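*Asks:* Let me begin by handing over the structure; questions about it come next.
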Amino acid sequence: MDVLAQQLFNGLTIGSVYSLVALGLTLVYGILHIPNFAHGALYMVGGYVTLMTMTTLGLPYFVAMFMSILVVGGIAVLMERLVFHQLRHSPPIHDKIAAIGLLLFLETLVQLIWGADYRSMTTPFDDIVSFLGITVTTQRILIVVAAVLVMIALHLFLKKTMIGAAIIAMSQNREGAFLQGINANRVAMLTFFISGGLAAIAASISSPINLVYPGMGHLVILKAFVIIIIGGMGSVPGAIIGGYILGFSESLGATFISSDYSDIIAFVLLVAILTVKPQGLFAKGAH
Amino acid sequence: MGMFLGGLLLLMTTACSEEDPSSTDTAAPPGAPAGSGGEEVEEQTEVVEGTEVVNIGFSGPLSGAGAYYGNNTLNGLTMAIDEINADGGIEVDGEMHSLNLVSLDDQYLPDETGANARRLVQESDTPVIFVPHSGGTYATQIFNEQDEVLLASYSSEPEITQQGNDLTMRIPPTYDAYVEPFSEYQMERFGPKLSMLPPSTEFGMDWAEELKPVWESLGGEVVHEGSVDYSMDTDFFTVVTNALSDDPDVLFVGGSSEPTAQVMQQARELGFEGGFLIMDQAKLDEIDNVLGGAPDVIDGSVGVAPLVYDIHEGNEQFIHDYQEEHGNDPGSEAGYHYYAVYIIAEAMQEAGTVEDAHAIRENLDDGLHQVPEDKRIYDVSEVDEQGGMTTELRMAVVEDGEIELVDFDD
């Protein structure tokens with residue numbers, strides 16, 4: 001087993017998941033101008049919906065993932081309509097409190113419905129493959145491939161479609177976007193839907209290598225916050241690059257420095273990057 | 001921006017404080033949302049009319065990351081109390097008393113446990129408080145003697161009964177008893193090279209510290225000393241890869257069953273063919289369940305004996321009732337808590353008081369021997385001078401994919 005190659009792949013796997021979660025967070029930041037604390041809860045709900053669709057309805061993995069995108073996207077849209085939209089004239093602190101409230105609500109709700117037990121998600125992709133001196137399961141390859149495909153699709157959507165352009169316009173300058181006749185409500189709802197969908201995909205592909213439980217979102221969302229700060233709040237490329245930076249720094253740091261310090265490395269990196277570029281690697285608006 | 005960092009900090013503080021030392025810690029990812037703990041959970045036990053009511057306190061993780069574990073401990077308490085009340089209660093000093101459980105949520109945070117324990121004493125006047133983790137136990141030990149309340153701790157940390165607290169009862173056996181028999185078995189079966197990958201909780205570190213010299217004194221070699229942080233590592237592949245890089249014969253793992261199962265499975269995926277030495281917190285049957293039945297993963301493991309593999313006259317009824325009521329197998333935390341309620345109830349009758357914690361504590365050993373045969377979930381020989389329950393120990397090993405129990409002497 002080639003440790004370096006193995007760890008590079010491990011970094012790639014976990015970086016892919018981080019990037020997807022951070023992307024959803026960064027997109028919504030463009031609309032809300034606050035980080036959506038409830039994003040981790042959406043991630044968790046995504047994991048549960050996929051798992052429960054598979055186990056109770058007996059649907060195949062990819063169908064379950066699709067269901068999960070719809071459900072979580074729907075919840076995100078509801079969040080926007082029922083909570084954040086109503087608070088649009090309030091000071092930002094109200095949004096933050098509401099987001100934390102939503103986080104607690106969703107977590108408690110899931111625990112009430114499905115209990116606090118840890119569950120494992122089994123997929124058809126548990127074969128073990130070895131190549132170039134590394135050993136991985138097909139699920140891990142799926143994570144990397146799926147994440148890259150989703151990122152490419154998102155990029156094309158944002159760059160090549162009118163709606164995508166409207167999302168970017170909104171995040172760059174809200175008033176300017178209004179003046180151009182962009183329907184802010186529609187764009188906001190769509191952004192929340194995409195954000196929820198990304199969380200659902202990330203949860204669905206990473207749950208098989210992890211566990212599904214009510215607190216699963218906290219772990220990932222904390223890293224996602226770090227990533228969007230590193231990458232620049234609201235920046236799409238920043239979220240992607242930031243995700244991989246964190247993924248690699250964790251796996252390589254744990255190998256060549258010490259596993260005890262792998263988190264410190266990520267935060268030292270955060271401090272270093274912010275010292276040099278206080279706005280993050282990709283300043284906001286530089287889409 | 002400043003506000004946001006504040007928020008992030010808030011999340012991070014919760015994440016970090018979640019890693020409190022706890023012997024029976026569950027996964028402890030930064031689960032507990034930043035909220036006020038100590039919420040009273042609805043009354044779960046019914047008291048008998050026309051009797052004096054004795055409040056029994058409990059403070060444990062009922063929400064957040066440790067919720068699953070906390071609720072299991074509570075199930076054991078609730079079952080015992082309901083049974084005792086259904087039989088009409090206990091007769092103490094000529095008067096009938098029924099037990100009432102007052103449970104508070106501490107989300108696994110020791111400071112919350114401390115606040116809860118205070119509240120239980122002041123508001124409910126509880127003579128006994130159950131605390132199912134070592135962090136909360138230490139926090140309660142600071143004042144339980146002064147407040148005269150018996151602390152029934154479910155923690156296998158030897159220290160909690162060694163520091164001379166007069167009102168502490170330790171329910172499970174201490175972990176140090178497992179270290180040598182586990183090591184001997186695995187070294188003989190797989191070889192002398194040990195790689196250590198305990199959880200980064202205080203309990204995990206203490207275990208590792210105990211294990212290393214024992215392993216070396218038996219002629220073994222420790223080839224890797226790592227740890228895994230279940231509350232921060234999103235993926236264990238990285239640390240497992242490193243732990244296996246020196247080609248060990250035996251891998252030391254642990255923590256709560258679910259993430260431990262994950263670590264073990266990933267080690268197998270990475271081609272590890274040796275044995276697992278599992279800390280007393282994780283249970284082999286639970287690990288097997290989490291993995292959906294994976295005999296090839298758990299084969300070659302040694303760990304504590306799961307309750308459902310240790311069925312005898314004393315626990316048959318309990319296991320049956322528990323399965324009926326909750327739809328799953330009871331773990332040792334439920335079994336030990338159930339047993340402990342009976343011991344304390346008997347001790348109260350022996351002591352002739354439901355209030356004097358000192359008298360109850362002194363009569364625990366007598367109480368133990370009064371517990372009816374069919375309530376003796378474990379083979380406990382005594383409650384020793386320091387308040388620790390002495391349990392006859394056995395270990396579980398997995399041979400050819402089957403979990404088997406072995407006496408320590410074999």
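Just so we're on the same page: first chain in the structure tokens is A, next is B, and so on; residues restart at 1 for each chain, and ligands are numbered from 1 in the order they show up.
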Enumerate, in order of chain and increasing residue number, the residues of chain A with an atom no farther than 8 Å from chain B, each with its shortest atom pair and distance in Å to one decimal, counting only C-alpha atoms, as a Markdown table.

*Replies:*
```
| residue | atom | partner | partner_atom | distance |
| --- | --- | --- | --- | --- |
| A:Met1 | CA | B:Ser245 | CA | 7.6 |
| A:Val3 | CA | B:Ser245 | CA | 7.1 |
| A:Gln6 | CA | B:Thr241 | CA | 7.6 |
| A:Gln7 | CA | B:Thr238 | CA | 6.2 |
| A:Asn10 | CA | B:Thr238 | CA | 6.1 |
| A:Gly11 | CA | B:Thr238 | CA | 7.9 |
| A:Ile14 | CA | B:Asp235 | CA | 6.8 |
| A:Ile34 | CA | B:Phe4 | CA | 7.3 |
| A:Pro35 | CA | B:Phe4 | CA | 7.3 |
| A:Leu104 | CA | B:Pro33 | CA | 6.8 |
| A:Gly115 | CA | B:Tyr68 | CA | 7.8 |
| A:Ala116 | CA | B:Tyr68 | CA | 5.0 |
| A:Asp117 | CA | B:Tyr68 | CA | 5.4 |
| A:Tyr118 | CA | B:Glu258 | CA | 6.5 |
| A:Arg119 | CA | B:Val290 | CA | 6.7 |
| A:Ser120 | CA | B:Val290 | CA | 6.3 |
| A:Ile128 | CA | B:Glu269 | CA | 6.7 |
| A:Thr135 | CA | B:Leu270 | CA | 5.9 |
| A:Val136 | CA | B:Leu270 | CA | 7.3 |
| A:Thr137 | CA | B:Glu269 | CA | 7.3 |
| A:Ile209 | CA | B:Asp235 | CA | 7.5 |
| A:Asn210 | CA | B:Asp235 | CA | 7.0 |
| A:Leu211 | CA | B:Pro259 | CA | 7.7 |
| A:Pro214 | CA | B:Ala65 | CA | 7.7 |
| A:Gly215 | CA | B:Gly31 | CA | 4.5 |
| A:Met216 | CA | B:Gly31 | CA | 7.3 |
| A:His218 | CA | B:Pro30 | CA | 6.0 |
| A:Leu219 | CA | B:Met232 | CA | 6.2 |
| A:Val220 | CA | B:Thr234 | CA | 6.9 |
| A:Leu222 | CA | B:Met12 | CA | 7.3 |
| A:Phe225 | CA | B:Leu8 | CA | 7.5 |
| A:Ser251 | CA | B:Thr238 | CA | 5.6 |
| A:Ala254 | CA | B:Val239 | CA | 7.0 |
| A:Thr255 | CA | B:Asn242 | CA | 6.3 |
| A:Ser259 | CA | B:Gly226 | CA | 6.8 |
| A:Asp260 | CA | B:Ser227 | CA | 7.3 |
| A:Asp263 | CA | B:Met232 | CA | 7.8 |
```

*Asks:* Return as a PyMOL selection string the full set of residues in stretch 35-252 of chain A whose backbone-based DSSP assignment is strand (DSSP E or B).

*Replies:* chain A and resi 119+128-131+134-137+212

*Asks:* With distances taken over only C-alpha atoms, which residue among B:Glu333, B:Ser124, B:Arg119, B:Gly164 lies nearest B:Gln141?

*Replies:*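 The closest residue to B:Gln141 is B:Gly164.
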
*Asks:* What's the 9 Å shell around stretch 384-390 of chain B, counting only C-alpha atoms, without same-chain residues fewer than 3 positions away, as a PDB file with all heavy atoms, in the first residue's frame?

*Replies:*
```pdb
ATOM      1  N   PRO B 158     -11.586   3.654  36.851  1.00  0.00           N
ATOM      2  CA  PRO B 158     -11.295   3.212  38.219  1.00  0.00           C
ATOM      3  C   PRO B 158     -11.197   4.373  39.203  1.00  0.00           C
ATOM      4  O   PRO B 158     -11.519   4.250  40.374  1.00  0.00           O
ATOM      5  CB  PRO B 158      -9.933   2.520  38.094  1.00  0.00           C
ATOM      6  CG  PRO B 158      -9.709   2.290  36.652  1.00  0.00           C
ATOM      7  CD  PRO B 158     -10.524   3.278  35.902  1.00  0.00           C
ATOM      8  N   THR B 161     -13.907   5.764  42.024  1.00  0.00           N
ATOM      9  CA  THR B 161     -14.093   5.203  43.360  1.00  0.00           C
ATOM     10  C   THR B 161     -12.805   5.214  44.160  1.00  0.00           C
ATOM     11  O   THR B 161     -12.770   4.770  45.293  1.00  0.00           O
ATOM     12  CB  THR B 161     -14.634   3.766  43.293  1.00  0.00           C
ATOM     13  OG1 THR B 161     -13.940   3.072  42.268  1.00  0.00           O
ATOM     14  CG2 THR B 161     -16.126   3.754  43.000  1.00  0.00           C
ATOM     15  N   GLN B 162     -11.741   5.715  43.530  1.00  0.00           N
ATOM     16  CA  GLN B 162     -10.457   5.695  44.240  1.00  0.00           C
ATOM     17  C   GLN B 162     -10.158   7.012  44.932  1.00  0.00           C
ATOM     18  O   GLN B 162      -9.181   7.133  45.651  1.00  0.00           O
ATOM     19  CB  GLN B 162      -9.327   5.355  43.263  1.00  0.00           C
ATOM     20  CG  GLN B 162      -9.304   3.886  42.892  1.00  0.00           C
ATOM     21  CD  GLN B 162      -8.424   3.615  41.694  1.00  0.00           C
ATOM     22  OE1 GLN B 162      -7.828   4.516  41.128  1.00  0.00           O
ATOM     23  NE2 GLN B 162      -8.345   2.352  41.293  1.00  0.00           N
ATOM     24  N   GLN B 163     -10.971   8.020  44.673  1.00  0.00           N
ATOM     25  CA  GLN B 163     -10.609   9.304  45.275  1.00  0.00           C
ATOM     26  C   GLN B 163     -11.328   9.586  46.582  1.00  0.00           C
ATOM     27  O   GLN B 163     -11.422  10.719  47.007  1.00  0.00           O
ATOM     28  CB  GLN B 163     -10.777  10.441  44.274  1.00  0.00           C
ATOM     29  CG  GLN B 163     -12.100  10.448  43.547  1.00  0.00           C
ATOM     30  CD  GLN B 163     -12.070  11.420  42.381  1.00  0.00           C
ATOM     31  OE1 GLN B 163     -11.022  11.716  41.830  1.00  0.00           O
ATOM     32  NE2 GLN B 163     -13.211  11.948  42.016  1.00  0.00           N
ATOM     33  N   GLY B 164     -11.850   8.537  47.197  1.00  0.00           N
ATOM     34  CA  GLY B 164     -12.344   8.675  48.555  1.00  0.00           C
ATOM     35  C   GLY B 164     -13.655   9.409  48.705  1.00  0.00           C
ATOM     36  O   GLY B 164     -13.922   9.992  49.746  1.00  0.00           O
ATOM     37  N   ASN B 165     -14.480   9.400  47.678  1.00  0.00           N
ATOM     38  CA  ASN B 165     -15.806  10.001  47.807  1.00  0.00           C
ATOM     39  C   ASN B 165     -16.711   8.997  48.516  1.00  0.00           C
ATOM     40  O   ASN B 165     -16.908   7.883  48.050  1.00  0.00           O
ATOM     41  CB  ASN B 165     -16.339  10.351  46.410  1.00  0.00           C
ATOM     42  CG  ASN B 165     -17.617  11.151  46.449  1.00  0.00           C
ATOM     43  OD1 ASN B 165     -18.621  10.679  46.957  1.00  0.00           O
ATOM     44  ND2 ASN B 165     -17.579  12.366  45.926  1.00  0.00           N
ATOM     45  N   ASP B 166     -17.268   9.397  49.651  1.00  0.00           N
ATOM     46  CA  ASP B 166     -18.036   8.460  50.480  1.00  0.00           C
ATOM     47  C   ASP B 166     -19.401   8.115  49.906  1.00  0.00           C
ATOM     48  O   ASP B 166     -20.048   7.184  50.369  1.00  0.00           O
ATOM     49  CB  ASP B 166     -18.261   9.060  51.877  1.00  0.00           C
ATOM     50  CG  ASP B 166     -16.976   9.056  52.666  1.00  0.00           C
ATOM     51  OD1 ASP B 166     -16.092   8.249  52.324  1.00  0.00           O
ATOM     52  OD2 ASP B 166     -16.850   9.870  53.592  1.00  0.00           O
ATOM     53  N   LEU B 167     -19.866   8.908  48.985  1.00  0.00           N
ATOM     54  CA  LEU B 167     -21.234   8.699  48.500  1.00  0.00           C
ATOM     55  C   LEU B 167     -21.271   8.381  47.014  1.00  0.00           C
ATOM     56  O   LEU B 167     -22.141   8.842  46.291  1.00  0.00           O
ATOM     57  CB  LEU B 167     -22.087   9.932  48.810  1.00  0.00           C
ATOM     58  CG  LEU B 167     -22.427  10.141  50.293  1.00  0.00           C
ATOM     59  CD1 LEU B 167     -23.149  11.454  50.519  1.00  0.00           C
ATOM     60  CD2 LEU B 167     -23.277   8.988  50.809  1.00  0.00           C
ATOM     61  N   THR B 168     -20.282   7.622  46.560  1.00  0.00           N
ATOM     62  CA  THR B 168     -20.277   7.225  45.153  1.00  0.00           C
ATOM     63  C   THR B 168     -20.465   5.722  45.046  1.00  0.00           C
ATOM     64  O   THR B 168     -19.862   4.961  45.797  1.00  0.00           O
ATOM     65  CB  THR B 168     -18.952   7.622  44.469  1.00  0.00           C
ATOM     66  OG1 THR B 168     -18.831   9.035  44.510  1.00  0.00           O
ATOM     67  CG2 THR B 168     -18.927   7.168  43.012  1.00  0.00           C
ATOM     68  N   MET B 169     -21.310   5.331  44.114  1.00  0.00           N
ATOM     69  CA  MET B 169     -21.495   3.921  43.814  1.00  0.00           C
ATOM     70  C   MET B 169     -21.107   3.757  42.350  1.00  0.00           C
ATOM     71  O   MET B 169     -21.628   4.454  41.482  1.00  0.00           O
ATOM     72  CB  MET B 169     -22.967   3.557  44.010  1.00  0.00           C
ATOM     73  CG  MET B 169     -23.345   2.176  43.518  1.00  0.00           C
ATOM     74  SD  MET B 169     -25.152   2.005  43.553  1.00  0.00           S
ATOM     75  CE  MET B 169     -25.333   0.281  43.122  1.00  0.00           C
ATOM     76  N   ARG B 170     -20.134   2.878  42.086  1.00  0.00           N
ATOM     77  CA  ARG B 170     -19.742   2.636  40.692  1.00  0.00           C
ATOM     78  C   ARG B 170     -20.440   1.375  40.209  1.00  0.00           C
ATOM     79  O   ARG B 170     -20.284   0.311  40.792  1.00  0.00           O
ATOM     80  CB  ARG B 170     -18.224   2.499  40.551  1.00  0.00           C
ATOM     81  CG  ARG B 170     -17.805   2.092  39.150  1.00  0.00           C
ATOM     82  CD  ARG B 170     -16.308   2.013  38.948  1.00  0.00           C
ATOM     83  NE  ARG B 170     -15.606   1.366  40.062  1.00  0.00           N
ATOM     84  CZ  ARG B 170     -15.620   0.067  40.293  1.00  0.00           C
ATOM     85  NH1 ARG B 170     -16.286  -0.741  39.519  1.00  0.00           N
ATOM     86  NH2 ARG B 170     -14.978  -0.429  41.342  1.00  0.00           N
ATOM     87  N   ILE B 171     -21.199   1.491  39.151  1.00  0.00           N
ATOM     88  CA  ILE B 171     -22.027   0.378  38.705  1.00  0.00           C
ATOM     89  C   ILE B 171     -21.267  -0.641  37.834  1.00  0.00           C
ATOM     90  O   ILE B 171     -21.298  -1.824  38.120  1.00  0.00           O
ATOM     91  CB  ILE B 171     -23.305   0.893  37.991  1.00  0.00           C
ATOM     92  CG1 ILE B 171     -24.066   1.835  38.952  1.00  0.00           C
ATOM     93  CG2 ILE B 171     -24.190  -0.257  37.575  1.00  0.00           C
ATOM     94  CD1 ILE B 171     -25.202   2.594  38.297  1.00  0.00           C
ATOM     95  N   PRO B 172     -20.595  -0.234  36.779  1.00  0.00           N
ATOM     96  CA  PRO B 172     -19.921  -1.247  35.939  1.00  0.00           C
ATOM     97  C   PRO B 172     -18.544  -1.624  36.490  1.00  0.00           C
ATOM     98  O   PRO B 172     -18.004  -0.917  37.339  1.00  0.00           O
ATOM     99  CB  PRO B 172     -19.766  -0.528  34.605  1.00  0.00           C
ATOM    100  CG  PRO B 172     -19.642   0.911  34.965  1.00  0.00           C
ATOM    101  CD  PRO B 172     -20.424   1.118  36.229  1.00  0.00           C
ATOM    102  N   PRO B 173     -17.978  -2.722  36.020  1.00  0.00           N
ATOM    103  CA  PRO B 173     -16.618  -3.076  36.427  1.00  0.00           C
ATOM    104  C   PRO B 173     -15.614  -2.073  35.855  1.00  0.00           C
ATOM    105  O   PRO B 173     -15.889  -1.444  34.849  1.00  0.00           O
ATOM    106  CB  PRO B 173     -16.405  -4.456  35.802  1.00  0.00           C
ATOM    107  CG  PRO B 173     -17.434  -4.599  34.741  1.00  0.00           C
ATOM    108  CD  PRO B 173     -18.566  -3.715  35.105  1.00  0.00           C
ATOM    109  N   THR B 174     -14.457  -1.930  36.496  1.00  0.00           N
ATOM    110  CA  THR B 174     -13.456  -0.998  35.971  1.00  0.00           C
ATOM    111  C   THR B 174     -12.759  -1.602  34.756  1.00  0.00           C
ATOM    112  O   THR B 174     -12.611  -2.815  34.644  1.00  0.00           O
ATOM    113  CB  THR B 174     -12.389  -0.668  37.029  1.00  0.00           C
ATOM    114  OG1 THR B 174     -11.854  -1.897  37.501  1.00  0.00           O
ATOM    115  CG2 THR B 174     -12.992   0.108  38.176  1.00  0.00           C
ATOM    116  N   ARG B 361     -25.877   4.080  51.313  1.00  0.00           N
ATOM    117  CA  ARG B 361     -24.573   3.693  50.773  1.00  0.00           C
ATOM    118  C   ARG B 361     -23.972   2.538  51.598  1.00  0.00           C
ATOM    119  O   ARG B 361     -23.434   1.575  51.040  1.00  0.00           O
ATOM    120  CB  ARG B 361     -23.657   4.920  50.766  1.00  0.00           C
ATOM    121  CG  ARG B 361     -22.167   4.683  50.670  1.00  0.00           C
ATOM    122  CD  ARG B 361     -21.752   4.214  49.281  1.00  0.00           C
ATOM    123  NE  ARG B 361     -20.337   3.867  49.268  1.00  0.00           N
ATOM    124  CZ  ARG B 361     -19.838   2.734  49.704  1.00  0.00           C
ATOM    125  NH1 ARG B 361     -20.643   1.797  50.184  1.00  0.00           N
ATOM    126  NH2 ARG B 361     -18.547   2.509  49.666  1.00  0.00           N
ATOM    127  N   GLU B 362     -24.088   2.639  52.918  1.00  0.00           N
ATOM    128  CA  GLU B 362     -23.500   1.598  53.759  1.00  0.00           C
ATOM    129  C   GLU B 362     -24.229   0.263  53.623  1.00  0.00           C
ATOM    130  O   GLU B 362     -23.668  -0.792  53.900  1.00  0.00           O
ATOM    131  CB  GLU B 362     -23.513   2.049  55.224  1.00  0.00           C
ATOM    132  CG  GLU B 362     -22.247   2.813  55.583  1.00  0.00           C
ATOM    133  CD  GLU B 362     -22.502   3.897  56.620  1.00  0.00           C
ATOM    134  OE1 GLU B 362     -23.352   3.683  57.510  1.00  0.00           O
ATOM    135  OE2 GLU B 362     -21.856   4.956  56.524  1.00  0.00           O
ATOM    136  N   LEU B 364     -25.528  -0.869  50.762  1.00  0.00           N
ATOM    137  CA  LEU B 364     -25.583  -1.333  49.374  1.00  0.00           C
ATOM    138  C   LEU B 364     -25.205  -2.807  49.248  1.00  0.00           C
ATOM    139  O   LEU B 364     -25.834  -3.568  48.523  1.00  0.00           O
ATOM    140  CB  LEU B 364     -24.653  -0.488  48.486  1.00  0.00           C
ATOM    141  CG  LEU B 364     -25.168   0.884  48.067  1.00  0.00           C
ATOM    142  CD1 LEU B 364     -24.094   1.629  47.276  1.00  0.00           C
ATOM    143  CD2 LEU B 364     -26.434   0.769  47.229  1.00  0.00           C
ATOM    144  N   ASP B 365     -24.146  -3.188  49.976  1.00  0.00           N
ATOM    145  CA  ASP B 365     -23.690  -4.572  49.858  1.00  0.00           C
ATOM    146  C   ASP B 365     -24.753  -5.538  50.385  1.00  0.00           C
ATOM    147  O   ASP B 365     -25.024  -6.572  49.774  1.00  0.00           O
ATOM    148  CB  ASP B 365     -22.363  -4.740  50.607  1.00  0.00           C
ATOM    149  CG  ASP B 365     -21.728  -6.086  50.292  1.00  0.00           C
ATOM    150  OD1 ASP B 365     -21.664  -6.436  49.089  1.00  0.00           O
ATOM    151  OD2 ASP B 365     -21.330  -6.783  51.242  1.00  0.00           O
ATOM    152  N   ASP B 379     -23.417 -11.251  37.317  1.00  0.00           N
ATOM    153  CA  ASP B 379     -22.896 -12.017  38.427  1.00  0.00           C
ATOM    154  C   ASP B 379     -22.057 -11.083  39.310  1.00  0.00           C
ATOM    155  O   ASP B 379     -20.837 -11.042  39.203  1.00  0.00           O
ATOM    156  CB  ASP B 379     -22.027 -13.143  37.841  1.00  0.00           C
ATOM    157  CG  ASP B 379     -21.783 -14.229  38.858  1.00  0.00           C
ATOM    158  OD1 ASP B 379     -22.235 -14.065  39.996  1.00  0.00           O
ATOM    159  OD2 ASP B 379     -21.137 -15.226  38.497  1.00  0.00           O
ATOM    160  N   VAL B 380     -22.736 -10.306  40.153  1.00  0.00           N
ATOM    161  CA  VAL B 380     -22.028  -9.337  40.991  1.00  0.00           C
ATOM    162  C   VAL B 380     -21.836  -9.952  42.379  1.00  0.00           C
ATOM    163  O   VAL B 380     -22.794 -10.396  43.005  1.00  0.00           O
ATOM    164  CB  VAL B 380     -22.828  -8.022  41.109  1.00  0.00           C
ATOM    165  CG1 VAL B 380     -22.113  -7.037  42.012  1.00  0.00           C
ATOM    166  CG2 VAL B 380     -23.050  -7.415  39.735  1.00  0.00           C
ATOM    167  N   SER B 381     -20.586  -9.988  42.850  1.00  0.00           N
ATOM    168  CA  SER B 381     -20.342 -10.650  44.127  1.00  0.00           C
ATOM    169  C   SER B 381     -20.458  -9.696  45.313  1.00  0.00           C
ATOM    170  O   SER B 381     -20.877 -10.082  46.385  1.00  0.00           O
ATOM    171  CB  SER B 381     -18.967 -11.320  44.114  1.00  0.00           C
ATOM    172  OG  SER B 381     -17.978 -10.369  43.805  1.00  0.00           O
ATOM    173  N   LEU B 393     -16.064 -11.333  35.602  1.00  0.00           N
ATOM    174  CA  LEU B 393     -15.884 -10.897  34.221  1.00  0.00           C
ATOM    175  C   LEU B 393     -15.628 -12.042  33.248  1.00  0.00           C
ATOM    176  O   LEU B 393     -14.971 -13.026  33.581  1.00  0.00           O
ATOM    177  CB  LEU B 393     -14.716  -9.914  34.135  1.00  0.00           C
ATOM    178  CG  LEU B 393     -14.977  -8.551  34.745  1.00  0.00           C
ATOM    179  CD1 LEU B 393     -13.733  -7.696  34.636  1.00  0.00           C
ATOM    180  CD2 LEU B 393     -16.136  -7.867  34.065  1.00  0.00           C
TER     181      LEU B 393
END
```
